[in-house]
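**Q** Coordinates in query13.csv, CSV, C-alpha atoms, are listed below.
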chain,number,residue,atom,x,y,z
A,1437,MET,CA,21.7,-3.1,-6.9
A,1438,THR,CA,25.1,-3.5,-5.2
A,1439,ALA,CA,26.8,-0.1,-5.3
A,1440,ALA,CA,30.4,-0.1,-6.3
A,1441,GLY,CA,32.6,-0.8,-3.3
A,1442,ASP,CA,29.9,-2.5,-1.3
A,1443,ARG,CA,30.5,-6.1,-0.5
A,1444,ILE,CA,27.6,-8.4,0.1
A,1445,GLY,CA,26.9,-9.0,3.8
A,1446,ARG,CA,26.0,-12.1,5.7
A,1447,VAL,CA,22.6,-13.0,7.1
A,1448,VAL,CA,22.6,-14.8,10.4
A,1449,TRP,CA,19.2,-16.3,11.1
A,1450,PHE,CA,18.6,-17.3,14.8
A,1451,THR,CA,15.8,-19.8,15.4
A,1452,GLY,CA,14.6,-21.1,18.7
A,1453,LEU,CA,11.7,-20.9,21.2
A,1454,SER,CA,10.6,-17.6,22.7
A,1455,GLY,CA,12.9,-16.9,25.6
A,1456,SER,CA,15.7,-19.1,24.3
A,1457,GLY,CA,18.1,-16.1,24.1
A,1458,LYS,CA,18.0,-15.2,20.4
A,1459,THR,CA,17.8,-11.4,21.0
A,1460,THR,CA,20.5,-11.4,23.6
A,1461,LEU,CA,22.8,-13.3,21.2
A,1462,CYS,CA,21.9,-10.9,18.3
A,1463,GLN,CA,22.7,-7.8,20.4
A,1464,GLN,CA,26.0,-9.2,21.6
A,1465,LEU,CA,27.0,-10.4,18.1
A,1466,LYS,CA,26.1,-7.0,16.7
A,1467,ARG,CA,28.6,-5.3,19.1
A,1468,SER,CA,31.3,-7.8,18.2
A,1469,LEU,CA,30.8,-7.4,14.5
A,1470,GLU,CA,30.7,-3.6,14.8
A,1471,ALA,CA,34.0,-3.8,16.7
A,1472,PHE,CA,35.4,-5.2,13.5
A,1473,GLY,CA,34.1,-2.2,11.6
A,1474,SER,CA,31.1,-3.9,10.1
A,1475,LYS,CA,27.7,-2.3,9.4
A,1476,VAL,CA,25.1,-4.4,11.2
A,1477,VAL,CA,21.3,-4.4,11.2
A,1478,VAL,CA,19.2,-6.4,13.7
A,1479,LEU,CA,15.8,-7.6,12.6
A,1480,ASP,CA,14.0,-8.7,15.8
A,1481,GLY,CA,10.9,-10.8,15.0
A,1482,ASP,CA,8.9,-8.9,17.7
A,1483,ASP,CA,9.8,-5.5,16.2
A,1484,CYS,CA,8.9,-6.7,12.7
A,1485,ARG,CA,5.5,-8.0,13.8
A,1486,LYS,CA,4.8,-4.6,15.4
A,1487,GLY,CA,5.9,-2.9,12.2
A,1488,PHE,CA,6.0,-4.0,8.6
A,1489,CYS,CA,4.3,-7.4,9.5
A,1490,SER,CA,1.7,-6.0,11.8
A,1491,ASP,CA,-1.1,-7.1,9.4
A,1492,LEU,CA,-0.2,-10.8,10.0
A,1493,GLY,CA,-1.3,-13.3,12.6
A,1494,PHE,CA,0.0,-16.7,13.6
A,1495,SER,CA,-1.7,-19.0,11.1
A,1496,HIS,CA,0.6,-21.2,9.0
A,1497,LYS,CA,0.1,-18.9,6.0
A,1498,ASP,CA,0.8,-15.8,8.0
A,1499,ARG,CA,3.9,-17.2,9.6
A,1500,MET,CA,5.2,-18.1,6.1
A,1501,GLU,CA,4.5,-14.6,4.8
A,1502,ASN,CA,6.1,-13.1,7.9
A,1503,VAL,CA,9.5,-14.9,7.3
A,1504,ARG,CA,9.2,-14.2,3.6
A,1505,ARG,CA,9.1,-10.4,4.2
A,1506,ILE,CA,11.9,-10.6,6.8
A,1507,ALA,CA,14.0,-12.6,4.4
A,1508,HIS,CA,13.5,-10.1,1.6
A,1509,VAL,CA,14.3,-7.2,3.8
A,1510,SER,CA,17.5,-9.1,4.9
A,1511,ALA,CA,18.4,-9.8,1.2
A,1512,LEU,CA,17.9,-6.1,0.3
A,1513,LEU,CA,20.2,-5.0,3.2
A,1514,GLN,CA,22.9,-7.6,2.6
A,1515,GLN,CA,23.1,-6.4,-1.1
A,1516,GLN,CA,24.0,-3.0,0.3
A,1517,GLY,CA,26.9,-4.5,2.3
A,1518,PHE,CA,25.2,-4.9,5.7
A,1519,HIS,CA,25.4,-7.9,7.9
A,1520,VAL,CA,21.8,-8.7,9.0
A,1521,LEU,CA,21.0,-10.6,12.3
A,1522,VAL,CA,17.5,-12.0,12.4
A,1523,ALA,CA,15.9,-13.2,15.6
A,1524,THR,CA,12.6,-15.0,15.0
A,1525,ILE,CA,11.1,-18.3,16.3
A,1526,SER,CA,10.6,-19.7,12.8
A,1527,PRO,CA,9.4,-23.0,14.3
A,1528,THR,CA,9.2,-25.4,11.4
A,1529,GLU,CA,11.5,-26.7,8.6
A,1530,GLU,CA,9.0,-25.5,6.0
A,1531,ILE,CA,9.2,-21.9,7.5
A,1532,ARG,CA,13.0,-22.0,7.8
A,1533,ALA,CA,13.3,-23.1,4.1
A,1534,VAL,CA,11.8,-19.7,3.1
A,1535,PRO,CA,14.9,-17.6,4.0
A,1536,ARG,CA,17.2,-20.3,2.6
A,1537,ARG,CA,15.5,-19.8,-0.8
A,1538,ILE,CA,15.6,-16.0,-0.7
A,1539,VAL,CA,18.9,-15.1,1.0
A,1540,SER,CA,22.3,-16.1,-0.1
A,1541,ARG,CA,25.2,-16.8,2.3
A,1542,LEU,CA,22.7,-17.5,5.1
A,1543,LEU,CA,24.0,-18.8,8.4
A,1544,GLU,CA,21.2,-20.7,10.4
A,1545,ILE,CA,21.7,-20.9,14.1
A,1546,PHE,CA,19.6,-23.0,16.4
A,1547,VAL,CA,19.4,-21.5,19.9
A,1548,ASP,CA,18.8,-24.7,21.7
A,1549,THR,CA,17.4,-23.8,25.1
A,1550,PRO,CA,15.0,-26.4,26.6
A,1551,LEU,CA,11.4,-25.4,27.0
A,1552,HIS,CA,11.4,-25.6,30.8
A,1553,THR,CA,14.2,-23.0,30.9
A,1554,CYS,CA,12.5,-20.7,28.4
A,1555,GLU,CA,9.3,-21.1,30.5
A,1556,MET,CA,11.1,-20.2,33.7
A,1557,ARG,CA,12.5,-17.0,32.1
A,1558,ASP,CA,9.2,-16.1,30.4
A,1559,ALA,CA,10.1,-12.4,30.1
A,1560,LYS,CA,7.1,-11.7,28.0
A,1561,GLY,CA,4.6,-13.7,30.0
A,1562,LEU,CA,3.9,-15.7,26.9
A,1563,TYR,CA,4.1,-19.2,28.5
A,1564,ALA,CA,2.0,-18.2,31.5
A,1565,ALA,CA,-0.7,-16.9,29.2
A,1566,ALA,CA,-0.5,-20.1,27.1
A,1567,ARG,CA,-0.7,-22.4,30.1
A,1568,LYS,CA,-3.8,-20.5,31.3
A,1569,GLY,CA,-5.3,-20.9,27.9
A,1570,GLN,CA,-5.3,-17.1,27.3
A,1571,MET,CA,-3.0,-17.4,24.3
A,1572,GLN,CA,-3.0,-19.9,21.4
A,1573,GLY,CA,-0.4,-20.9,19.0
A,1574,VAL,CA,2.6,-20.5,21.3
A,1575,SER,CA,5.5,-22.6,19.9
A,1576,GLY,CA,6.5,-25.4,22.3
A,1577,VAL,CA,3.2,-25.3,24.1
A,1578,ASP,CA,0.2,-25.8,21.8
A,1579,ALA,CA,2.1,-25.2,18.5
A,1580,ALA,CA,5.0,-27.3,17.2
A,1581,TYR,CA,8.7,-26.3,17.4
A,1582,GLU,CA,10.6,-28.6,15.2
A,1583,ALA,CA,14.3,-28.8,16.0
A,1584,PRO,CA,16.3,-27.6,13.0
A,1585,LEU,CA,17.8,-30.2,10.7
A,1586,HIS,CA,20.0,-27.8,8.7
A,1587,ALA,CA,21.4,-25.5,11.4
A,1588,HIS,CA,25.1,-24.5,10.7
A,1589,LEU,CA,25.6,-24.0,14.4
A,1590,VAL,CA,23.8,-24.8,17.7
A,1591,CYS,CA,24.1,-22.6,20.7
A,1592,ARG,CA,23.2,-24.1,24.1
A,1593,THR,CA,22.6,-21.1,26.3
A,1594,GLU,CA,22.3,-23.3,29.4
A,1595,HIS,CA,25.8,-24.6,29.0
A,1596,GLU,CA,27.8,-21.8,27.4
A,1597,SER,CA,28.1,-18.1,28.0
A,1598,THR,CA,26.8,-15.6,25.5
A,1599,GLN,CA,30.4,-14.5,24.8
A,1600,SER,CA,31.4,-18.1,24.1
A,1601,SER,CA,28.4,-18.5,21.7
A,1602,VAL,CA,29.3,-15.3,19.9
A,1603,ARG,CA,32.9,-16.3,19.5
A,1604,LYS,CA,31.7,-19.6,17.8
A,1605,ILE,CA,29.4,-17.6,15.5
A,1606,VAL,CA,32.1,-15.1,14.5
A,1607,ALA,CA,34.5,-18.0,13.8
A,1608,CYS,CA,31.8,-19.7,11.7
A,1609,LEU,CA,31.2,-16.5,9.7
A,1610,GLY,CA,34.9,-16.4,8.9
A,1611,LEU,CA,35.1,-12.7,9.2
B,733,MET,CA,15.0,-0.7,20.7
B,734,THR,CA,17.8,1.9,20.2
B,735,ALA,CA,21.1,0.4,21.4
B,736,ALA,CA,23.3,2.5,23.6
B,737,GLY,CA,25.4,4.8,21.5
B,738,ASP,CA,23.1,4.7,18.5
B,739,ARG,CA,21.6,7.9,17.5
B,740,ILE,CA,18.3,8.0,15.7
B,741,GLY,CA,18.8,8.4,11.9
B,742,ARG,CA,16.9,10.6,9.4
B,743,VAL,CA,14.5,9.3,6.8
B,744,VAL,CA,14.5,11.1,3.5
B,745,TRP,CA,11.4,10.3,1.4
B,746,PHE,CA,11.7,11.1,-2.3
B,747,THR,CA,8.4,11.4,-4.2
B,748,GLY,CA,8.0,12.0,-7.9
B,749,LEU,CA,7.0,10.4,-11.2
B,750,SER,CA,8.7,7.4,-12.6
B,751,GLY,CA,11.9,8.7,-14.3
B,752,SER,CA,11.9,11.9,-12.3
B,753,GLY,CA,15.4,11.1,-10.9
B,754,LYS,CA,14.6,9.8,-7.4
B,755,THR,CA,17.0,6.9,-7.6
B,756,THR,CA,19.8,9.0,-9.0
B,757,LEU,CA,19.4,11.5,-6.2
B,758,CYS,CA,19.3,8.7,-3.6
B,759,GLN,CA,22.5,7.1,-4.8
B,760,GLN,CA,24.3,10.5,-4.9
B,761,LEU,CA,23.0,11.5,-1.5
B,762,LYS,CA,24.1,8.1,-0.1
B,763,ARG,CA,27.6,8.7,-1.2
B,764,SER,CA,27.6,12.2,0.3
B,765,LEU,CA,26.3,11.1,3.6
B,766,GLU,CA,28.7,8.2,3.7
B,767,ALA,CA,31.6,10.6,3.1
B,768,PHE,CA,30.5,12.2,6.4
B,769,GLY,CA,30.8,8.8,8.1
B,770,SER,CA,27.1,8.0,8.2
B,771,LYS,CA,25.5,4.6,7.9
B,772,VAL,CA,23.0,4.8,5.0
B,773,VAL,CA,20.4,2.4,3.6
B,774,VAL,CA,18.6,3.0,0.3
B,775,LEU,CA,15.1,1.6,-0.1
B,776,ASP,CA,14.2,1.8,-3.7
B,777,GLY,CA,10.5,1.3,-4.4
B,778,ASP,CA,11.2,-1.1,-7.3
B,779,ASP,CA,13.4,-3.3,-5.2
B,780,CYS,CA,10.8,-3.3,-2.4
B,781,ARG,CA,8.1,-4.4,-4.9
B,782,LYS,CA,10.3,-7.2,-6.1
B,783,GLY,CA,11.0,-8.3,-2.5
B,784,PHE,CA,9.0,-7.8,0.7
B,785,CYS,CA,6.1,-6.2,-1.2
B,786,SER,CA,6.0,-8.6,-4.1
B,787,ASP,CA,2.5,-9.8,-3.0
B,788,LEU,CA,1.1,-6.3,-3.7
B,789,GLY,CA,-0.4,-4.7,-6.8
B,790,PHE,CA,-1.2,-1.2,-7.7
B,791,SER,CA,-4.8,-0.8,-6.3
B,792,HIS,CA,-5.2,2.1,-3.8
B,793,LYS,CA,-5.3,-0.4,-1.0
B,794,ASP,CA,-2.1,-2.1,-2.1
B,795,ARG,CA,-0.3,1.2,-2.7
B,796,MET,CA,-1.2,2.2,0.9
B,797,GLU,CA,0.1,-1.1,2.2
B,798,ASN,CA,3.2,-0.8,0.1
B,799,VAL,CA,4.2,2.5,1.7
B,800,ARG,CA,3.1,1.4,5.1
B,801,ARG,CA,5.6,-1.5,5.0
B,802,ILE,CA,8.4,0.7,3.6
B,803,ALA,CA,7.8,3.3,6.2
B,804,HIS,CA,7.9,0.7,9.0
B,805,VAL,CA,11.2,-0.8,7.7
B,806,SER,CA,12.6,2.8,7.5
B,807,ALA,CA,11.5,3.4,11.1
B,808,LEU,CA,13.1,0.2,12.3
B,809,LEU,CA,16.4,1.1,10.6
B,810,GLN,CA,16.4,4.7,11.8
B,811,GLN,CA,16.0,3.4,15.4
B,812,GLN,CA,19.3,1.6,14.9
B,813,GLY,CA,21.0,4.8,13.8
B,814,PHE,CA,20.8,4.5,10.0
B,815,HIS,CA,19.8,7.2,7.6
B,816,VAL,CA,17.3,5.8,5.3
B,817,LEU,CA,16.7,7.1,1.8
B,818,VAL,CA,13.4,6.1,0.2
B,819,ALA,CA,12.7,6.4,-3.5
B,820,THR,CA,9.1,5.6,-4.3
B,821,ILE,CA,6.5,7.4,-6.5
B,822,SER,CA,4.0,7.7,-3.6
B,823,PRO,CA,1.6,9.6,-5.9
B,824,THR,CA,-1.1,11.1,-3.5
B,825,GLU,CA,-1.3,13.1,-0.4
B,826,GLU,CA,-3.2,10.2,1.3
B,827,ILE,CA,-0.3,7.8,0.5
B,828,ARG,CA,2.4,10.3,1.6
B,829,ALA,CA,0.6,10.8,4.9
B,830,VAL,CA,1.3,7.2,5.8
B,831,PRO,CA,5.1,7.6,6.3
B,832,ARG,CA,4.5,10.9,8.1
B,833,ARG,CA,2.4,9.0,10.7
B,834,ILE,CA,5.0,6.2,11.1
B,835,VAL,CA,8.4,7.8,10.8
B,836,SER,CA,9.8,10.6,13.0
B,837,ARG,CA,12.1,13.2,11.6
B,838,LEU,CA,11.0,12.6,8.1
B,839,LEU,CA,12.2,14.8,5.3
B,840,GLU,CA,9.9,14.8,2.3
B,841,ILE,CA,11.4,15.7,-1.0
B,842,PHE,CA,9.5,16.4,-4.2
B,843,VAL,CA,11.5,15.5,-7.3
B,844,ASP,CA,9.6,17.8,-9.6
B,845,THR,CA,10.4,16.7,-13.1
B,846,PRO,CA,7.7,17.4,-15.8
B,847,LEU,CA,5.9,14.4,-17.2
B,848,HIS,CA,7.2,15.1,-20.8
B,849,THR,CA,10.8,14.9,-19.6
B,850,CYS,CA,10.2,11.7,-17.6
B,851,GLU,CA,8.5,10.3,-20.6
B,852,MET,CA,11.5,11.1,-22.9
B,853,ARG,CA,13.8,9.4,-20.4
B,854,ASP,CA,11.5,6.4,-19.9
B,855,ALA,CA,14.4,4.1,-18.9
B,856,LYS,CA,11.9,1.3,-17.9
B,857,GLY,CA,9.7,1.6,-21.0
B,858,LEU,CA,6.8,2.3,-18.6
B,859,TYR,CA,5.3,5.3,-20.4
B,860,ALA,CA,5.6,3.7,-23.8
B,861,ALA,CA,3.7,0.7,-22.5
B,862,ALA,CA,1.1,2.9,-20.8
B,863,ARG,CA,0.5,4.9,-24.0
B,864,LYS,CA,0.1,1.7,-26.0
B,865,GLY,CA,-2.5,0.6,-23.4
B,866,GLN,CA,-0.3,-2.4,-22.4
B,867,MET,CA,0.0,-1.1,-18.9
B,868,GLN,CA,-2.5,0.4,-16.5
B,869,GLY,CA,-2.2,2.5,-13.4
B,870,VAL,CA,0.9,4.5,-14.4
B,871,SER,CA,1.1,7.7,-12.4
B,872,GLY,CA,1.0,10.7,-14.6
B,873,VAL,CA,-0.7,8.8,-17.5
B,874,ASP,CA,-3.9,7.0,-16.4
B,875,ALA,CA,-3.4,7.4,-12.7
B,876,ALA,CA,-3.1,10.6,-10.7
B,877,TYR,CA,0.1,12.1,-9.4
B,878,GLU,CA,-0.8,14.9,-7.0
B,879,ALA,CA,2.0,17.5,-6.5
B,880,PRO,CA,3.0,17.4,-2.8
B,881,LEU,CA,1.6,20.0,-0.5
B,882,HIS,CA,4.0,19.3,2.4
B,883,ALA,CA,7.4,18.7,0.8
B,884,HIS,CA,10.2,20.1,2.8
B,885,LEU,CA,12.2,20.6,-0.4
B,886,VAL,CA,11.7,20.6,-4.1
B,887,CYS,CA,14.4,19.4,-6.5
B,888,ARG,CA,14.0,20.5,-10.2
B,889,THR,CA,16.2,18.1,-12.0
B,890,GLU,CA,15.7,19.9,-15.3
B,891,HIS,CA,17.2,23.1,-13.9
B,892,GLU,CA,19.7,22.0,-11.3
B,893,SER,CA,22.5,19.4,-11.3
B,894,THR,CA,22.3,16.3,-9.1
B,895,GLN,CA,25.2,17.7,-7.1
B,896,SER,CA,23.4,20.9,-6.5
B,897,SER,CA,20.2,19.1,-5.4
B,898,VAL,CA,22.2,16.9,-3.0
B,899,ARG,CA,23.9,20.0,-1.5
B,900,LYS,CA,20.5,21.5,-0.8
B,901,ILE,CA,19.3,18.3,0.9
B,902,VAL,CA,22.4,17.9,3.0
B,903,ALA,CA,22.0,21.5,4.2
B,904,CYS,CA,18.3,20.9,4.9
B,905,LEU,CA,19.2,17.8,7.0
B,906,GLY,CA,21.5,19.9,9.1
B,907,LEU,CA,24.1,17.1,9.3
Could you rewrite the structure in this file as structure tokens?
**A**
Amino acid sequence: MTAAGDRIGRVVWFTGLSGSGKTTLCQQLKRSLEAFGSKVVVLDGDDCRKGFCSDLGFSHKDRMENVRRIAHVSALLQQQGFHVLVATISPTEEIRAVPRRIVSRLLEIFVDTPLHTCEMRDAKGLYAAARKGQMQGVSGVDAAYEAPLHAHLVCRTEHESTQSSVRKIVACLGL
Amino acid sequence: MTAAGDRIGRVVWFTGLSGSGKTTLCQQLKRSLEAFGSKVVVLDGDDCRKGFCSDLGFSHKDRMENVRRIAHVSALLQQQGFHVLVATISPTEEIRAVPRRIVSRLLEIFVDTPLHTCEMRDAKGLYAAARKGQMQGVSGVDAAYEAPLHAHLVCRTEHESTQSSVRKIVACLGL
């Protein structure tokens, strides 16, 4: 379905705990890529869950279906020449294998921020709710987050600035 | 979620029988809008069904879910400043009401090509299969296609050129 003149885009898949800084990196990377003249779409996991994935919960099956849909939307957009930046926890190797099967030229980035730092940020109040037992299935608390084995790049938001992380990613994309 | 500087895009929703010319109009409209410097995404119903909607069939419930997802993806993209062109049969008023609820600034376009013309084109062999009883639920044959009551524009591909239809749509968008 690639129209003449369109070049296939790249998909950058950010994985990491809630509060690790995925969305911040996405937004900054978007601005950098747009400065190069690229067309960029951001698929934020929270927005997807409020929208085309709003029928899904947090069971293993639903998490698999959630990333399956996001990966297919990404593939469809990259075929039309867009770069797609995805920010979603995608907590296990099995889940992260889904976009690798569906998307070509995927760059997987592990936003490696320790749990205690994410928990101190807690912008969404997720961790507080989990600690009080008001919320179940929070990755890092009562649900597993497996550190990625296949990440192309690791961003340590505690030790490097957003700008420095973005520079690394742009270099890795070879754009 | 609109980033600073992004303007909300328009969603153009093409409805009509299979073979009516929705995809052709989409592709030509895309080129015209891009010539104005717009960022444009095409969501073709067939591609969506092969991708993020591949778990869905053609029951009423599944058709409703299919357009719900497409509408939410459209809304997410329009929030990022993209114009989104959707080509999907969306055969009933109830189904077409779904994107109207989800998407703001929607332009609904009825691609009004008579069944016998669509059947003569039959690029996908859909009608032949339906007539032989090898395929069920084909809109216009053994499933209803209700002519839209709320279309902003009607394109009669038998009586007007693609270029002329696209000019009408662009004028209607006021871009």
**Q** Would you list the residues near (17.2, -8.4, 19.0), meaning any protein, DNA or RNA residue with an atom at most 10 Å from that point in file coordinates, counting only C-alpha atoms, as number ranges by chain?
**A** A: 1450, 1457-1464, 1466, 1477-1483, 1521-1524; B: 733, 735
**Q** Go ahead and write the residues just picked, C-alpha atoms, as a compact mmCIF listing (two decimals), in the frame of the given file.
**A**
# COMPACT_ATOMS: atom_id res chain seq x y z
CA PHE A 1450 18.60 -17.30 14.80
CA GLY A 1457 18.10 -16.10 24.10
CA LYS A 1458 18.00 -15.20 20.40
CA THR A 1459 17.80 -11.40 21.00
CA THR A 1460 20.50 -11.40 23.60
CA LEU A 1461 22.80 -13.30 21.20
CA CYS A 1462 21.90 -10.90 18.30
CA GLN A 1463 22.70 -7.80 20.40
CA GLN A 1464 26.00 -9.20 21.60
CA LYS A 1466 26.10 -7.00 16.70
CA VAL A 1477 21.30 -4.40 11.20
CA VAL A 1478 19.20 -6.40 13.70
CA LEU A 1479 15.80 -7.60 12.60
CA ASP A 1480 14.00 -8.70 15.80
CA GLY A 1481 10.90 -10.80 15.00
CA ASP A 1482 8.90 -8.90 17.70
CA ASP A 1483 9.80 -5.50 16.20
CA LEU A 1521 21.00 -10.60 12.30
CA VAL A 1522 17.50 -12.00 12.40
CA ALA A 1523 15.90 -13.20 15.60
CA THR A 1524 12.60 -15.00 15.00
CA MET B 733 15.00 -0.70 20.70
CA ALA B 735 21.10 0.40 21.40
**Q** With all atoms listed in the file considered, list every residue of chain A at most 7 Å from chain B, as an mmCIF file with C-alpha atoms, keeping the file's coordinate frame.
**A**
data_model
loop_
_atom_site.group_PDB
_atom_site.id
_atom_site.type_symbol
_atom_site.label_atom_id
_atom_site.label_comp_id
_atom_site.auth_asym_id
_atom_site.auth_seq_id
_atom_site.Cartn_x
_atom_site.Cartn_y
_atom_site.Cartn_z
ATOM 1 C CA GLY A 1487 5.900 -2.900 12.200
ATOM 2 C CA PHE A 1488 6.000 -4.000 8.600
ATOM 3 C CA ARG A 1505 9.100 -10.400 4.200
ATOM 4 C CA HIS A 1508 13.500 -10.100 1.600
ATOM 5 C CA VAL A 1509 14.300 -7.200 3.800
#
**Q** Mind checking which residues fall within 8 Å of Ser1526 (chain A), counting all atoms listed in the file, ignoring those fewer than 4 positions away in the same chain, and posting them as a PyMOL selection string?
**A** chain A and resi 1451-1452+1499+1503+1531-1532
**Q** What is the distance between CA of Val1447 (chain A) and CA of Tyr1581 (chain A), in Å to one decimal?
**A**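 A separation of 21.8 Å between them.
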**Q** Once the least-squares fit of chain A onto chain B is done over all Cα atoms matched in order, how many Å of RMSD are left?
**A**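 The optimal C-alpha superposition leaves an RMSD of 0.1 Å.
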**Q** Should you be able to, write region 1539-1555 of chain A of this structure into a file that contains N, CA and C atoms, as a CSV table (one decimal), in the first residue's frame.
**A**
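And here is the file that came out, selection-v1.csv:
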chain,number,residue,atom,x,y,z
A,1539,VAL,N,6.1,-5.5,12.9
A,1539,VAL,CA,6.7,-4.2,12.4
A,1539,VAL,C,8.1,-4.5,11.8
A,1540,SER,N,8.3,-4.0,10.7
A,1540,SER,CA,9.7,-4.1,10.2
A,1540,SER,C,10.5,-2.8,10.6
A,1541,ARG,N,11.8,-2.9,10.6
A,1541,ARG,CA,12.7,-1.8,11.0
A,1541,ARG,C,12.3,-1.2,12.3
A,1542,LEU,N,12.0,-2.1,13.3
A,1542,LEU,CA,11.6,-1.6,14.7
A,1542,LEU,C,12.9,-1.3,15.5
A,1543,LEU,N,12.8,-0.2,16.2
A,1543,LEU,CA,13.9,0.1,17.1
A,1543,LEU,C,13.3,0.0,18.5
A,1544,GLU,N,13.8,-0.9,19.4
A,1544,GLU,CA,13.3,-1.1,20.7
A,1544,GLU,C,14.2,-0.3,21.7
A,1545,ILE,N,13.6,0.5,22.5
A,1545,ILE,CA,14.3,1.3,23.4
A,1545,ILE,C,13.8,1.1,24.9
A,1546,PHE,N,14.7,0.7,25.7
A,1546,PHE,CA,14.4,0.4,27.1
A,1546,PHE,C,14.7,1.7,27.9
A,1547,VAL,N,13.6,2.3,28.4
A,1547,VAL,CA,13.7,3.5,29.3
A,1547,VAL,C,13.9,2.9,30.7
A,1548,ASP,N,15.2,2.9,31.1
A,1548,ASP,CA,15.6,2.1,32.3
A,1548,ASP,C,15.7,3.1,33.5
A,1549,THR,N,14.5,3.3,34.1
A,1549,THR,CA,14.5,4.2,35.3
A,1549,THR,C,14.1,3.3,36.5
A,1550,PRO,N,14.8,3.3,37.5
A,1550,PRO,CA,14.5,2.4,38.7
A,1550,PRO,C,13.1,2.7,39.2
A,1551,LEU,N,12.5,1.6,39.8
A,1551,LEU,CA,11.2,1.7,40.3
A,1551,LEU,C,11.0,2.8,41.3
A,1552,HIS,N,12.0,2.9,42.2
A,1552,HIS,CA,11.8,3.9,43.3
A,1552,HIS,C,11.8,5.3,42.7
A,1553,THR,N,12.4,5.6,41.6
A,1553,THR,CA,12.4,6.9,41.0
A,1553,THR,C,11.0,7.1,40.3
A,1554,CYS,N,10.6,6.1,39.6
A,1554,CYS,CA,9.2,6.2,39.0
A,1554,CYS,C,8.2,6.4,40.1
A,1555,GLU,N,8.4,5.7,41.2
A,1555,GLU,CA,7.4,5.8,42.3
A,1555,GLU,C,7.4,7.2,42.9
